[in-house]
Amino acid sequence: MEPVETKAAPVVRANGVVKRYGAKVALDGLDVEIGHGVTGLLGSNGAGKTTLISLMLGLRRRDAGTLEVLGHDPQTAGIDVRERIGYGPEHHNLPPEVQAQDLVRHLTELHGIPPRSAIQRASDALWQVGLGEERLRPVGTMSTGQRQRVKLASAIAHDPALVLLDEPTDGLDPVQRDDMLALIRRIGTEFGIDIVVSSHHLEEVERICDAVVILDSGRMIRSGTLTELRQGAEGLLVEVDEGHEALAERLRAAGLEAEVVGETVLVSGDDPHDAVRDAVADLGLGLRRLEPRRRTLEDVYLEASA
Amino acid sequence: MSESGARIYDVGYRSYDGPRRPPWRAVVTVCLHAVQRVLGLRRSFRHKILPGLAIVIAFLPAIVSIVVAVMLDETMDVGDDLITYGDYYFFISSAIALFAAFVAPEALCTDRRTGMLGLYLAGPLDRNRYLLAKAAAVLGVMLLMTLAPPLFLMIAYAVEGLGPSASELPLLALRIVVTGLSVAAMFAAVGLGAASLTSRKAIAGVVVALLVLVPGIISEVAVESGGAPDALSLLGLLNLPTELALRVFGDDPSSGTAIGRVSTALVVAGVAAWTAAGAVVTWLAYRRIEARS
């Protein structure tokens, strides 16, 4: 008898989930599985990201379908599920006069950590997110970036199995955004905590996530690991010093599809390598780069949305 | 070779392997946090002024009465001039109402304005447990006004030899606890009901003040001038605690007032109705509130 191949259970599993707000359908029969690691929940505003997060937390009741988070239905076992989840909401409002450490400690205690350990873990978490020196400052005196870090510290201090972050880079400047993304990636990889990050910024998700779920109008239109999603692009990317149009014309004459995009020519067709080599040599062009064409997340998103 | 005194100060983020407390302890955590917040503990001095002042006002009649008793008991019989337990609420009912207008909004409205409600409900709490924690906190703090001063008075009278005999003490203590709990629950419920309707503390405070004043004035005018039933005077939140206390402690009802002519059963029903109304309004309001997520 062959050994049974075991596969880690998904962190989140949704089947036919429907959520309506009056006549508006926020989630329309959503089927999705989210595995371990850092997963991006991608979609435009109104795609259903925040609704899905609130259903995962058991804060709202779905109208149809089944949903499992960490093996439990959050609608019936909401408290048990939420105890193991860290959550960073989208809004920046936090009690202004409360010190960051007190706030994180309180939320850590709320998740079942005894008071003495909660103090230590709140302090550790704030150091980890880069607010060690600022931990005694009232939250109201902090910048948006620092508040986002306080929310992240609150989300991880009780050592959750899963962290849900709703638009964690919202309101951050580019430098703060880079720092925050690096931090999220680090938490997902070094600390071994599964993370679901909702965002409508493709490049953010592409930078830090292992897998992506793309939502559109309440439906999952594409999901998978970044490697899987980027596969499937055919052809070559050719970068030459000059003569892009001439090269493209030559390749089209050879029966290939060629498109000039900036300084590059994207070529597709049956085995284009020889044809590209010959065309570049015949035209006497300086070849800078020749590599297999890769799809970006933007390509995937645009294809899926279309 | 390592230095013997070397220490690692930052060991970084670690997973937590220690004991975790059961989810119901989240109710206790939120309750204690709310009590601290309302009383201004771990907050700047200005946040301590109002609760401190209210508590001092609540204890003032007891302190004055005890001081008078101590100063005069050797020269004359002061027994009849001391404040009775039934009368006590007459002196402090305004302070209790004022405190209720502050406490419940501070406990409830702040969480909605600052997004804490969403963070709480995203943790191991649901709406009912959250409200239970907040109600327990508000009730506990209100007891500082309604229960602690009469208990203090009882102990001081007993020490001074002015109190009841040892055999009567348990019954007196029971009456104090029943009255203190009933009045605290009523004002806590009214305060929570008002606070559940808005996220602004000031508006909630004004609503409580209006609830304390307006129905009482209207009902008094309606009864005295319009010939309305005496029971209508139970709408007056300022007189109700005093009247309840008088009945519980076996004193004579207020003389010459409409509420004094109402039966004890109706007075108790009035307190219960106000308490239930506040609780129901709060529960219904929080059923429809969407936590920001």
# chains A, B, ... in the order shown; residues from 1 in each chain; ligands from 1
>>> closest_atom_pairs(of="chain B", to="chain A", cutoff="7 Å", atoms="only C-alpha atoms", output="JSON lines")
{"residue": "B:Gly12", "atom": "CA", "partner": "A:Asp124", "partner_atom": "CA", "distance": 6.8}
{"residue": "B:Tyr13", "atom": "CA", "partner": "A:Asp124", "partner_atom": "CA", "distance": 6.2}
{"residue": "B:Ser15", "atom": "CA", "partner": "A:Asp159", "partner_atom": "CA", "distance": 5.7}
{"residue": "B:Tyr16", "atom": "CA", "partner": "A:Asp159", "partner_atom": "CA", "distance": 5.9}
{"residue": "B:Arg20", "atom": "CA", "partner": "A:Gly112", "partner_atom": "CA", "distance": 4.9}
{"residue": "B:Arg21", "atom": "CA", "partner": "A:Gly112", "partner_atom": "CA", "distance": 4.4}
{"residue": "B:Pro22", "atom": "CA", "partner": "A:Gly112", "partner_atom": "CA", "distance": 6.3}
{"residue": "B:Pro23", "atom": "CA", "partner": "A:Gly112", "partner_atom": "CA", "distance": 6.5}
{"residue": "B:Ala26", "atom": "CA", "partner": "A:Leu110", "partner_atom": "CA", "distance": 4.8}
{"residue": "B:Thr29", "atom": "CA", "partner": "A:Leu110", "partner_atom": "CA", "distance": 6.1}
{"residue": "B:Thr114", "atom": "CA", "partner": "A:Leu94", "partner_atom": "CA", "distance": 4.9}
{"residue": "B:Gly115", "atom": "CA", "partner": "A:Asn93", "partner_atom": "CA", "distance": 5.5}
{"residue": "B:Met116", "atom": "CA", "partner": "A:Leu94", "partner_atom": "CA", "distance": 6.6}
{"residue": "B:Ala122", "atom": "CA", "partner": "A:Arg82", "partner_atom": "CA", "distance": 6.2}
{"residue": "B:Gly123", "atom": "CA", "partner": "A:Arg82", "partner_atom": "CA", "distance": 5.1}
{"residue": "B:Pro124", "atom": "CA", "partner": "A:Ile79", "partner_atom": "CA", "distance": 4.5}
{"residue": "B:Leu125", "atom": "CA", "partner": "A:Ile79", "partner_atom": "CA", "distance": 6.1}
{"residue": "B:Ser293", "atom": "CA", "partner": "A:Pro89", "partner_atom": "CA", "distance": 5.5}
>>> write_last_selection(atoms="N, CA and C atoms", output="compact mmCIF listing (two decimals), in the first residue's frame")
# COMPACT_ATOMS: atom_id res chain seq x y z
N GLY B 12 14.70 38.78 21.07
CA GLY B 12 13.84 38.83 19.89
C GLY B 12 12.45 38.28 20.16
N TYR B 13 11.68 38.23 19.10
CA TYR B 13 10.31 37.74 19.22
C TYR B 13 10.33 36.23 19.43
N SER B 15 7.89 32.62 20.26
CA SER B 15 6.54 32.08 20.37
C SER B 15 6.22 31.89 21.85
N TYR B 16 4.95 31.86 22.17
CA TYR B 16 4.55 31.80 23.57
C TYR B 16 4.09 30.38 23.90
N ARG B 20 -2.31 29.79 28.86
CA ARG B 20 -3.25 30.80 28.35
C ARG B 20 -4.52 30.72 29.18
N ARG B 21 -5.07 31.87 29.46
CA ARG B 21 -6.28 31.89 30.28
C ARG B 21 -7.50 31.66 29.39
N PRO B 22 -8.56 31.08 29.95
CA PRO B 22 -9.73 30.77 29.10
C PRO B 22 -10.37 32.04 28.56
N PRO B 23 -11.11 31.91 27.43
CA PRO B 23 -11.67 33.10 26.78
C PRO B 23 -12.55 33.97 27.69
N ALA B 26 -11.41 37.20 29.20
CA ALA B 26 -11.40 38.45 28.43
C ALA B 26 -12.44 39.42 28.99
N THR B 29 -10.84 41.06 31.90
CA THR B 29 -9.82 42.00 31.43
C THR B 29 -10.46 43.32 30.97
N THR B 114 -12.86 55.41 19.32
CA THR B 114 -11.43 55.13 19.12
C THR B 114 -11.17 53.83 18.38
N GLY B 115 -12.20 53.14 17.95
CA GLY B 115 -11.99 51.90 17.21
C GLY B 115 -11.71 50.71 18.10
N MET B 116 -11.71 50.90 19.43
CA MET B 116 -11.42 49.78 20.33
C MET B 116 -12.51 48.71 20.26
N ALA B 122 -12.89 41.73 17.54
CA ALA B 122 -12.01 40.88 16.73
C ALA B 122 -11.19 39.95 17.62
N GLY B 123 -11.34 40.08 18.93
CA GLY B 123 -10.68 39.21 19.90
C GLY B 123 -11.69 38.22 20.47
N PRO B 124 -11.31 37.58 21.56
CA PRO B 124 -12.20 36.53 22.10
C PRO B 124 -13.37 37.11 22.90
N LEU B 125 -14.10 37.99 22.28
CA LEU B 125 -15.31 38.56 22.88
C LEU B 125 -16.39 38.59 21.82
N SER B 293 -14.26 47.15 10.93
CA SER B 293 -13.21 46.15 10.75
C SER B 293 -12.44 46.44 9.47
>>> select_by_dssp(residues="stretch 1-193 of chain B", states="alpha helix (DSSP H)", output="PyMOL selection string")
chain B and resi 25-39+46-72+85-114+116-121+127-146+148-160+169-193
>>> write_last_selection(atoms="C-alpha atoms", output="short mmCIF file (atom, residue, chain, number, x, y, z; two decimals), in the first residue's frame")
data_model
loop_
_atom_site.label_atom_id
_atom_site.label_comp_id
_atom_site.auth_asym_id
_atom_site.auth_seq_id
_atom_site.Cartn_x
_atom_site.Cartn_y
_atom_site.Cartn_z
CA ARG B 25 -11.25 35.92 31.27
CA ALA B 26 -11.40 38.45 28.43
CA VAL B 27 -14.59 39.72 30.10
CA VAL B 28 -12.66 40.32 33.33
CA THR B 29 -9.82 42.00 31.43
CA VAL B 30 -12.16 44.41 29.66
CA CYS B 31 -14.12 45.05 32.87
CA LEU B 32 -11.02 45.93 34.88
CA HIS B 33 -9.70 48.08 32.05
CA ALA B 34 -12.99 49.98 31.91
CA VAL B 35 -12.98 50.51 35.69
CA GLN B 36 -9.44 51.89 35.49
CA ARG B 37 -10.37 54.15 32.63
CA VAL B 38 -13.50 55.53 34.28
CA LEU B 39 -11.72 56.22 37.55
CA ARG B 46 -7.31 65.73 35.05
CA HIS B 47 -9.01 62.40 34.35
CA LYS B 48 -9.11 61.69 38.06
CA ILE B 49 -10.81 64.94 39.07
CA LEU B 50 -14.43 64.24 38.17
CA PRO B 51 -14.67 60.68 39.53
CA GLY B 52 -12.73 61.71 42.62
CA LEU B 53 -15.00 64.68 43.23
CA ALA B 54 -18.16 62.62 42.79
CA ILE B 55 -16.97 59.99 45.24
CA VAL B 56 -16.03 62.65 47.79
CA ILE B 57 -19.52 64.18 47.44
CA ALA B 58 -21.06 60.75 47.98
CA PHE B 59 -19.09 60.23 51.18
CA LEU B 60 -19.50 63.81 52.44
CA PRO B 61 -22.86 63.36 54.22
CA ALA B 62 -21.51 60.27 55.96
CA ILE B 63 -18.33 62.03 57.01
CA VAL B 64 -20.21 65.10 58.26
CA SER B 65 -22.68 62.96 60.15
CA ILE B 66 -19.92 60.95 61.79
CA VAL B 67 -17.91 64.05 62.70
CA VAL B 68 -21.00 65.64 64.24
CA ALA B 69 -21.71 62.46 66.15
CA VAL B 70 -18.16 62.21 67.45
CA MET B 71 -18.05 65.87 68.48
CA LEU B 72 -21.43 66.01 70.17
CA TYR B 85 -29.78 55.22 55.90
CA GLY B 86 -33.08 55.91 54.19
CA ASP B 87 -32.37 59.64 54.05
CA TYR B 88 -28.85 59.17 52.78
CA TYR B 89 -29.91 58.81 49.15
CA PHE B 90 -31.77 62.12 49.34
CA PHE B 91 -28.42 63.84 49.88
CA ILE B 92 -26.50 62.00 47.21
CA SER B 93 -29.04 61.20 44.50
CA SER B 94 -27.99 64.22 42.41
CA ALA B 95 -24.35 63.22 42.69
CA ILE B 96 -25.24 59.66 41.69
CA ALA B 97 -27.11 60.91 38.63
CA LEU B 98 -24.23 63.19 37.68
CA PHE B 99 -21.79 60.34 38.09
CA ALA B 100 -23.96 58.08 35.93
CA ALA B 101 -23.92 60.75 33.22
CA PHE B 102 -20.13 60.53 33.26
CA VAL B 103 -19.36 56.88 33.91
CA ALA B 104 -21.38 55.01 31.30
CA PRO B 105 -20.47 57.29 28.37
CA GLU B 106 -16.80 57.08 29.36
CA ALA B 107 -17.04 53.29 29.40
CA LEU B 108 -18.99 52.79 26.17
CA CYS B 109 -18.68 55.77 23.84
CA THR B 110 -14.89 55.91 23.94
CA ASP B 111 -14.54 52.41 22.49
CA ARG B 112 -16.70 53.32 19.53
CA ARG B 113 -14.92 56.58 18.83
CA THR B 114 -11.43 55.13 19.12
CA MET B 116 -11.42 49.78 20.33
CA LEU B 117 -14.83 48.17 19.89
CA GLY B 118 -13.66 46.65 16.61
CA LEU B 119 -10.45 45.40 18.22
CA TYR B 120 -12.37 43.91 21.13
CA LEU B 121 -14.86 42.15 18.91
CA ARG B 127 -21.20 41.63 21.73
CA ASN B 128 -22.92 40.06 24.74
CA ARG B 129 -19.66 39.39 26.58
CA TYR B 130 -18.44 42.86 25.74
CA LEU B 131 -21.62 44.41 27.13
CA LEU B 132 -21.42 42.17 30.18
CA ALA B 133 -17.88 43.41 30.86
CA LYS B 134 -18.87 47.04 30.43
CA ALA B 135 -22.05 46.69 32.49
CA ALA B 136 -20.08 45.04 35.30
CA ALA B 137 -17.53 47.84 35.18
CA VAL B 138 -20.13 50.60 35.26
CA LEU B 139 -22.09 48.83 37.99
CA GLY B 140 -18.95 48.33 40.04
CA VAL B 141 -17.98 51.97 39.80
CA MET B 142 -21.54 53.11 40.56
CA LEU B 143 -21.45 50.97 43.71
CA LEU B 144 -18.67 53.23 44.98
CA MET B 145 -21.37 55.91 45.09
CA THR B 146 -24.41 53.94 46.15
CA ALA B 148 -19.76 52.24 49.83
CA PRO B 149 -20.93 55.39 51.68
CA PRO B 150 -23.86 53.74 53.56
CA LEU B 151 -21.60 50.81 54.43
CA PHE B 152 -19.01 53.26 55.68
CA LEU B 153 -21.73 55.01 57.67
CA MET B 154 -22.88 51.74 59.18
CA ILE B 155 -19.38 50.77 60.26
CA ALA B 156 -18.67 54.24 61.67
CA TYR B 157 -21.95 54.30 63.61
CA ALA B 158 -21.23 50.83 64.94
CA VAL B 159 -17.74 51.83 66.05
CA GLU B 160 -19.11 54.97 67.67
CA LEU B 169 -26.43 44.32 61.90
CA PRO B 170 -26.81 41.53 59.27
CA LEU B 171 -30.31 42.73 58.33
CA LEU B 172 -29.13 46.33 58.10
CA ALA B 173 -26.17 45.28 55.95
CA LEU B 174 -28.52 43.31 53.69
CA ARG B 175 -30.79 46.34 53.31
CA ILE B 176 -27.81 48.53 52.47
CA VAL B 177 -26.58 46.05 49.86
CA VAL B 178 -30.04 45.63 48.30
CA THR B 179 -30.59 49.39 48.09
CA GLY B 180 -27.08 50.15 46.87
CA LEU B 181 -27.22 47.44 44.21
CA SER B 182 -30.70 48.44 43.03
CA VAL B 183 -29.86 52.13 42.71
CA ALA B 184 -26.50 51.41 41.09
CA ALA B 185 -28.08 48.99 38.62
CA MET B 186 -30.80 51.48 37.72
CA PHE B 187 -28.43 54.37 37.04
CA ALA B 188 -25.91 52.10 35.34
CA ALA B 189 -28.61 50.79 33.00
CA VAL B 190 -29.94 54.28 32.23
CA GLY B 191 -26.43 55.54 31.61
CA LEU B 192 -25.54 52.59 29.39
CA GLY B 193 -28.78 52.96 27.47
#
>>> select_by_dssp(residues="stretch 189-228 of chain A", states="strand (DSSP E)", output="list in words")
Asp194, Ile195, Val196, Val197, Ser198, Ser199, Ala211, Val212, Val213, Ile214, Leu215, Asp216, Arg219, Met220, Ile221, Arg222, Ser223, Gly224 and Thr225 of chain A
>>> write_last_selection(atoms="C-alpha atoms", output="PDB file, in the first residue's frame")
ATOM      1  CA  ASP A 194       0.546  32.703   8.759  1.00  0.00           C
ATOM      2  CA  ILE A 195      -0.499  36.074   7.435  1.00  0.00           C
ATOM      3  CA  VAL A 196      -3.321  37.246   5.207  1.00  0.00           C
ATOM      4  CA  VAL A 197      -2.758  40.782   3.926  1.00  0.00           C
ATOM      5  CA  SER A 198      -5.473  42.630   2.110  1.00  0.00           C
ATOM      6  CA  SER A 199      -4.306  45.253  -0.325  1.00  0.00           C
ATOM      7  CA  ALA A 211       0.477  33.288  -2.582  1.00  0.00           C
ATOM      8  CA  VAL A 212      -2.264  35.525  -3.860  1.00  0.00           C
ATOM      9  CA  VAL A 213      -6.040  35.449  -3.918  1.00  0.00           C
ATOM     10  CA  ILE A 214      -7.534  37.907  -6.382  1.00  0.00           C
ATOM     11  CA  LEU A 215     -11.087  39.029  -5.729  1.00  0.00           C
ATOM     12  CA  ASP A 216     -13.342  40.920  -8.049  1.00  0.00           C
ATOM     13  CA  ARG A 219     -15.752  36.400  -6.499  1.00  0.00           C
ATOM     14  CA  MET A 220     -12.370  34.742  -6.517  1.00  0.00           C
ATOM     15  CA  ILE A 221     -11.040  35.179 -10.015  1.00  0.00           C
ATOM     16  CA  ARG A 222      -7.562  33.754  -9.531  1.00  0.00           C
ATOM     17  CA  SER A 223      -5.525  32.227  -6.733  1.00  0.00           C
ATOM     18  CA  GLY A 224      -2.281  30.359  -6.276  1.00  0.00           C
ATOM     19  CA  THR A 225       1.330  30.815  -5.359  1.00  0.00           C
TER      20      THR A 225
END
>>> residues_around(residues="B:Ser219", least_positions_apart="6", cutoff="9 Å", atoms="only C-alpha atoms", output="ChimeraX atom specification")
/B:228,230,232-236
>>> write_last_selection(atoms="N, CA and C atoms", output="PDB file, in the first residue's frame")
ATOM      1  N   ALA B 228     -52.960  63.607  37.118  1.00  0.00           N
ATOM      2  CA  ALA B 228     -52.506  62.306  36.614  1.00  0.00           C
ATOM      3  C   ALA B 228     -52.265  61.360  37.786  1.00  0.00           C
ATOM      4  N   ASP B 230     -50.675  59.030  40.621  1.00  0.00           N
ATOM      5  CA  ASP B 230     -49.451  59.218  41.400  1.00  0.00           C
ATOM      6  C   ASP B 230     -48.302  58.381  40.859  1.00  0.00           C
ATOM      7  N   LEU B 232     -47.279  57.988  38.075  1.00  0.00           N
ATOM      8  CA  LEU B 232     -46.494  58.662  37.031  1.00  0.00           C
ATOM      9  C   LEU B 232     -45.215  59.284  37.612  1.00  0.00           C
ATOM     10  N   SER B 233     -45.260  59.563  38.911  1.00  0.00           N
ATOM     11  CA  SER B 233     -44.085  60.175  39.540  1.00  0.00           C
ATOM     12  C   SER B 233     -42.885  59.224  39.586  1.00  0.00           C
ATOM     13  N   LEU B 234     -43.128  57.950  39.270  1.00  0.00           N
ATOM     14  CA  LEU B 234     -42.012  56.990  39.228  1.00  0.00           C
ATOM     15  C   LEU B 234     -41.066  57.287  38.067  1.00  0.00           C
ATOM     16  N   LEU B 235     -41.498  58.180  37.174  1.00  0.00           N
ATOM     17  CA  LEU B 235     -40.608  58.573  36.073  1.00  0.00           C
ATOM     18  C   LEU B 235     -39.483  59.477  36.563  1.00  0.00           C
ATOM     19  N   GLY B 236     -39.650  60.019  37.749  1.00  0.00           N
ATOM     20  CA  GLY B 236     -38.631  60.935  38.283  1.00  0.00           C
ATOM     21  C   GLY B 236     -37.438  60.162  38.842  1.00  0.00           C
TER      22      GLY B 236
END
>>> atom_distance(atom1="atom CA of A:Thr144", atom2="atom CA of A:His201")
18.2 Å
>>> atom_distance(atom1="atom CA of A:Val17", atom2="atom CA of A:Leu229")
23.4 Å
>>> residues_around(residues="A:Asp241", least_positions_apart="4", cutoff="7 Å", atoms="only C-alpha atoms", output="count of residues only")
4
>>> atom_distance(atom1="atom CA of B:Lys201", atom2="atom CA of A:Gln101")
25.1 Å
>>> residues_around(residues="A:Ala9", least_positions_apart="5", cutoff="10 Å", atoms="only C-alpha atoms", output="NGL selection string")
:A and (33-36 or 70-71)
